[in-house]
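S.K.: Sharing a structure, written as structure tokens. Questions coming.
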Amino acid sequence: MNQPLAERLRPVTLDDYVGQAHIVGPQAVLRRMIDAGRVPSFIMWGPPGVGKTTLAQIIAHRLECPFYTLSAVSSGVKDVREVIDRAKSNPLFRTALAPILFIDEIHRFSKSQQDSLLNAVETGVVTLIGATTENPSFEVIRPLLSRCQVYVLHSLDKDDLLALLQKALSEDVVLKEKDIRLKETNAILRYSGGDARKLLNILELVVGAEEHSAVIEITDEKVVERLQENPAAYDKGGEMHYNVISAFIKSIRGSDPDAAIYWLARMVAGGEDPEFIARRLLILAAEDVGLANPNALLLANACFEALRKIGWPEGRIILAETTVYLACSPKSNSAYYAVERAISLVNETGDLPVPLHLRNAPTRLMKDLDYGKDYKYAHNYEGNFVRQDFLPKELLNIRLWQGQPNPAESKLIERMRQLWGDRYES
């Protein structure tokens, strides 16, 4: 049988679906909507191999509605419009459930391609189900995102993966005819990285290498051996992907440009998405370099934009320049910790009222209620500064930003001491 194991085992009902209990388990939000026969447009965000495409197909089958599928890699605006026209020409249009339009890798759609979906989604011509491995907040245009729910799908956990292995061995039409003994599972679970498709691909690879044996034993040693012979069996979305990007980030944070460039080269050679690397550099520039070198964020952002304009393979040079610059920059996480402390404080103290003198007063009534009264306009004072309170009275003089002792922040700290005195004393 030429059909891959992962395809043979693709579930057709929610009862056979493995994982994502937080959205499709009993009484979960999406499960209730499916059972009620009404599903809104939504986007599934999660790593590869966690069941995004399968879930879309199950929903269409359960609701008994037409199902159209497009891949953002190979489809354009013309393809989108053709599907929408086909949905409108359906004899049951406006009298039955809207057809489901499933778009895989929707983050790869350009703005114009995403724009072409807006009217059809808003007017109910189609129910859009998108799948993405990238954060939709960055990759999906705001008007489309506002018309869709977003559901986060997680990598399968150990129990899910073990259940899937047992299901494959006991129910697959090919494997159940063989004497396969699962002796060890650590390696196959580790290399699958929570990806169901990868897990089944590895299982099929190991079994296929011994298909003529009377008894096939699955051991950690055999899994590692087969994967070393056929590294294509696991891809950049697995454990190696996360280990290498972790080493890359930690090398930059640790100010080792040589190590950082090495791990960058490993990702380039492995076919990693260049924009994924650029996004991580952007995050690092703010989180780990921060106020010790504010130009780092500007350079990282310029790197991201230049990469999009120039493309590949020249883009690797831009990534290398930014990597070396960030690795050589002084480091500070003071801004990161400041916002974390502030969020923790907000969660603890709730919505404290804005002091009256800081409130906006666009109407006469608000002015009569003392909105904006006694506010001091800083530019009217020497040095463009005047002391006044900007926090709720319950939090006066609290310190959230703790500057760190590097040259750039030392200057900021000294300025704050000159302005605020004891408040910014250590």
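Residues are named by chain letter and number: chains run A, B, ... in the order of the structure tokens, numbers start at 1 in each chain, and ligands are numbered from 1 in the order shown.
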Might you pull out every residue within 10 Å of Leu291 of chain A, with only C-alpha atoms counted and same-chain residues fewer than 6 positions away left off, and present them as a list in words?

M.R.: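 Once the nearby chain positions are removed, what remains is Ala285, Leu297, Pro330, Lys331, Ser332, Asn333, Ser334, Ala335, Tyr336, Gly403, Gln404, Asn406, Pro407, Ala408, Glu409 and Leu412 of chain A.
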
S.K.: Quick one: residues within 12 Å of Gln57 of chain A, only C-alpha atoms counted, chain neighbours fewer than 2 positions away excluded, as an MDAnalysis selection string?

M.R.: chainID A and resid 10:14 17 51:55 59:69 99:104 129:130

S.K.: From the set A:Arg86, A:Arg399, A:Arg253, A:Lys78, which residue has the shortest atom-to-atom contact distance to Leu345 of chain A, counting only C-alpha atoms?

M.R.: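 Of the candidates, the smallest distance to Leu345 of chain A is held by A:Arg399.
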
S.K.: Taking only segment 71-319 of chain A into account, list the residues labelled alpha helix (DSSP H) by DSSP (computed from the backbone), as a ChimeraX atom specification.

M.R.: /A:77-89,111-122,136-139,142-146,158-171,186-192,196-209,220-229,239-253,257-269,274-284,295-310,315-319

S.K.: For Gln402 of chain A, work out the shell of residues within 9 Å, counting only C-alpha atoms and skipping chain neighbours fewer than 6 positions away, then give it as a list in words.

M.R.: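 After dropping sequence-adjacent residues, the list is Ser334, Ala335, Tyr337, Ala338, Ile413, Tyr424 and Ser426 of chain A.
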
S.K.: Give me the residues near segment 256-260 of chain A as an MDAnalysis selection string, where near means some atom within 12 Å (using only C-alpha atoms) and where sequence neighbours in that chain fewer than 3 positions away do not count.

M.R.: chainID A and resid 244:253 263:267 277 281 319:330

S.K.: Keeping only C-alpha atoms, take the residues you just selected and write them out as a short mmCIF file (atom, residue, chain, number, x, y, z; two decimals), in the first residue's frame.

M.R.:
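What landed in out-v8.cif:
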```cif
data_model
loop_
_atom_site.label_atom_id
_atom_site.label_comp_id
_atom_site.auth_asym_id
_atom_site.auth_seq_id
_atom_site.Cartn_x
_atom_site.Cartn_y
_atom_site.Cartn_z
CA VAL A 244 19.36 24.88 17.87
CA ILE A 245 17.30 28.07 18.20
CA SER A 246 17.79 27.83 21.98
CA ALA A 247 21.56 27.54 21.55
CA PHE A 248 21.48 30.48 19.10
CA ILE A 249 19.60 32.76 21.48
CA LYS A 250 21.68 31.79 24.50
CA SER A 251 24.93 32.36 22.59
CA ILE A 252 23.87 35.90 21.69
CA ARG A 253 22.65 36.54 25.23
CA TRP A 263 24.23 28.16 15.31
CA LEU A 264 22.95 30.61 12.69
CA ALA A 265 24.81 28.59 10.05
CA ARG A 266 23.25 25.40 11.39
CA MET A 267 19.80 26.88 10.91
CA ILE A 277 15.22 33.76 12.80
CA LEU A 281 16.44 38.50 16.83
CA LEU A 319 21.03 37.91 9.59
CA ALA A 320 24.75 37.41 10.21
CA GLU A 321 25.40 41.15 10.63
CA THR A 322 22.56 41.50 13.10
CA THR A 323 23.59 38.36 14.97
CA VAL A 324 27.17 39.58 15.47
CA TYR A 325 26.00 43.08 16.47
CA LEU A 326 23.56 41.77 19.08
CA ALA A 327 26.10 39.29 20.44
CA CYS A 328 28.70 42.05 20.85
CA SER A 329 26.27 44.53 22.41
CA PRO A 330 26.06 45.13 26.16
#
```

S.K.: Taking 6 positions as the minimum chain separation for residues in the same chain, which residues sit within 8 Å of segment 35-46 of chain A when counting only C-alpha atoms? Answer as a list of chain:residue names.

M.R.: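 Answer for this query is A:Lys52, A:Leu63, A:Val121, A:Thr127, A:Leu128, A:Ile129, A:Gly130, A:Ala131, A:Thr132, A:Thr133, A:Glu134, A:Asn135, A:Pro136, A:Arg147, A:Cys148, A:Gln149, A:Val150, A:Tyr151, A:Val152, A:Leu153, A:His154, A:Ser155.
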
S.K.: How about saving the chosen residues, N, CA, C and O atoms kept, as a compact mmCIF listing (two decimals), in the first residue's frame?

M.R.:
```
# COMPACT_ATOMS: atom_id res chain seq x y z
N LYS A 52 -4.21 20.13 12.61
CA LYS A 52 -4.96 21.28 12.12
C LYS A 52 -5.80 20.92 10.89
O LYS A 52 -7.00 21.18 10.85
N LEU A 63 -20.48 18.48 9.84
CA LEU A 63 -21.54 19.44 9.51
C LEU A 63 -22.19 19.15 8.16
O LEU A 63 -23.18 19.79 7.80
N VAL A 121 -16.02 36.32 4.15
CA VAL A 121 -16.07 35.88 5.54
C VAL A 121 -17.10 36.69 6.32
O VAL A 121 -17.91 36.14 7.08
N THR A 127 -17.30 29.88 5.54
CA THR A 127 -16.72 29.83 6.88
C THR A 127 -15.24 29.55 6.70
O THR A 127 -14.85 28.50 6.19
N LEU A 128 -14.42 30.49 7.09
CA LEU A 128 -12.99 30.35 6.91
C LEU A 128 -12.38 29.59 8.09
O LEU A 128 -12.63 29.90 9.25
N ILE A 129 -11.61 28.57 7.77
CA ILE A 129 -10.77 27.91 8.76
C ILE A 129 -9.35 28.01 8.25
O ILE A 129 -9.01 27.46 7.20
N GLY A 130 -8.53 28.74 8.97
CA GLY A 130 -7.13 28.90 8.58
C GLY A 130 -6.23 28.10 9.50
O GLY A 130 -6.58 27.85 10.65
N ALA A 131 -5.11 27.68 8.98
CA ALA A 131 -4.11 26.98 9.78
C ALA A 131 -2.78 27.69 9.62
O ALA A 131 -2.39 28.07 8.51
N THR A 132 -2.08 27.89 10.72
CA THR A 132 -0.80 28.58 10.67
C THR A 132 0.13 28.07 11.75
O THR A 132 -0.32 27.71 12.85
N THR A 133 1.40 28.03 11.43
CA THR A 133 2.42 27.71 12.43
C THR A 133 3.04 28.96 13.01
O THR A 133 3.89 28.88 13.89
N GLU A 134 2.62 30.13 12.50
CA GLU A 134 3.18 31.41 12.96
C GLU A 134 2.12 32.19 13.74
O GLU A 134 0.92 32.02 13.54
N ASN A 135 2.59 33.06 14.60
CA ASN A 135 1.69 33.87 15.42
C ASN A 135 0.78 34.71 14.51
O ASN A 135 1.26 35.58 13.79
N PRO A 136 -0.54 34.46 14.52
CA PRO A 136 -1.43 35.20 13.62
C PRO A 136 -1.45 36.69 13.90
O PRO A 136 -1.79 37.48 13.01
N ARG A 147 -12.36 39.14 12.42
CA ARG A 147 -13.53 38.38 11.99
C ARG A 147 -13.43 36.90 12.33
O ARG A 147 -14.32 36.12 11.99
N CYS A 148 -12.33 36.52 12.97
CA CYS A 148 -12.08 35.11 13.25
C CYS A 148 -11.73 34.90 14.73
O CYS A 148 -11.09 35.74 15.35
N GLN A 149 -12.18 33.77 15.24
CA GLN A 149 -11.66 33.31 16.52
C GLN A 149 -10.26 32.75 16.28
O GLN A 149 -9.93 32.36 15.16
N VAL A 150 -9.44 32.71 17.31
CA VAL A 150 -8.12 32.09 17.21
C VAL A 150 -8.03 30.99 18.27
O VAL A 150 -8.27 31.24 19.45
N TYR A 151 -7.73 29.79 17.83
CA TYR A 151 -7.56 28.66 18.74
C TYR A 151 -6.12 28.17 18.66
O TYR A 151 -5.59 27.95 17.58
N VAL A 152 -5.50 28.03 19.82
CA VAL A 152 -4.11 27.58 19.88
C VAL A 152 -4.09 26.06 20.06
O VAL A 152 -4.69 25.53 20.99
N LEU A 153 -3.39 25.38 19.15
CA LEU A 153 -3.22 23.93 19.24
C LEU A 153 -1.82 23.63 19.77
O LEU A 153 -0.86 24.31 19.40
N HIS A 154 -1.73 22.64 20.63
CA HIS A 154 -0.47 22.33 21.29
C HIS A 154 0.17 21.08 20.72
O HIS A 154 -0.52 20.20 20.17
N SER A 155 1.48 20.97 20.88
CA SER A 155 2.16 19.71 20.55
C SER A 155 1.56 18.59 21.38
O SER A 155 1.15 18.79 22.53
```

S.K.: Gly19 of chain A: which residues within 10 Å, counting only C-alpha atoms, same-chain residues fewer than 3 positions away excluded, as a PyMOL selection string?

M.R.: chain A and resi 16+22-25+50-51+153-157+159-161+163-164+196

S.K.: Suppose you want the space between atom CA of Met33 of chain A and atom CA of Pro143 of chain A; what is it in Å?

M.R.: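 Taking atom CA of Met33 of chain A and atom CA of Pro143 of chain A, their separation equals 23.2 Å.
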
S.K.: By how many Å are atom CA of Gly124 of chain A and atom CA of Ser75 of chain A apart?

M.R.: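 Between atom CA of Gly124 of chain A and atom CA of Ser75 of chain A the gap is 21.4 Å.
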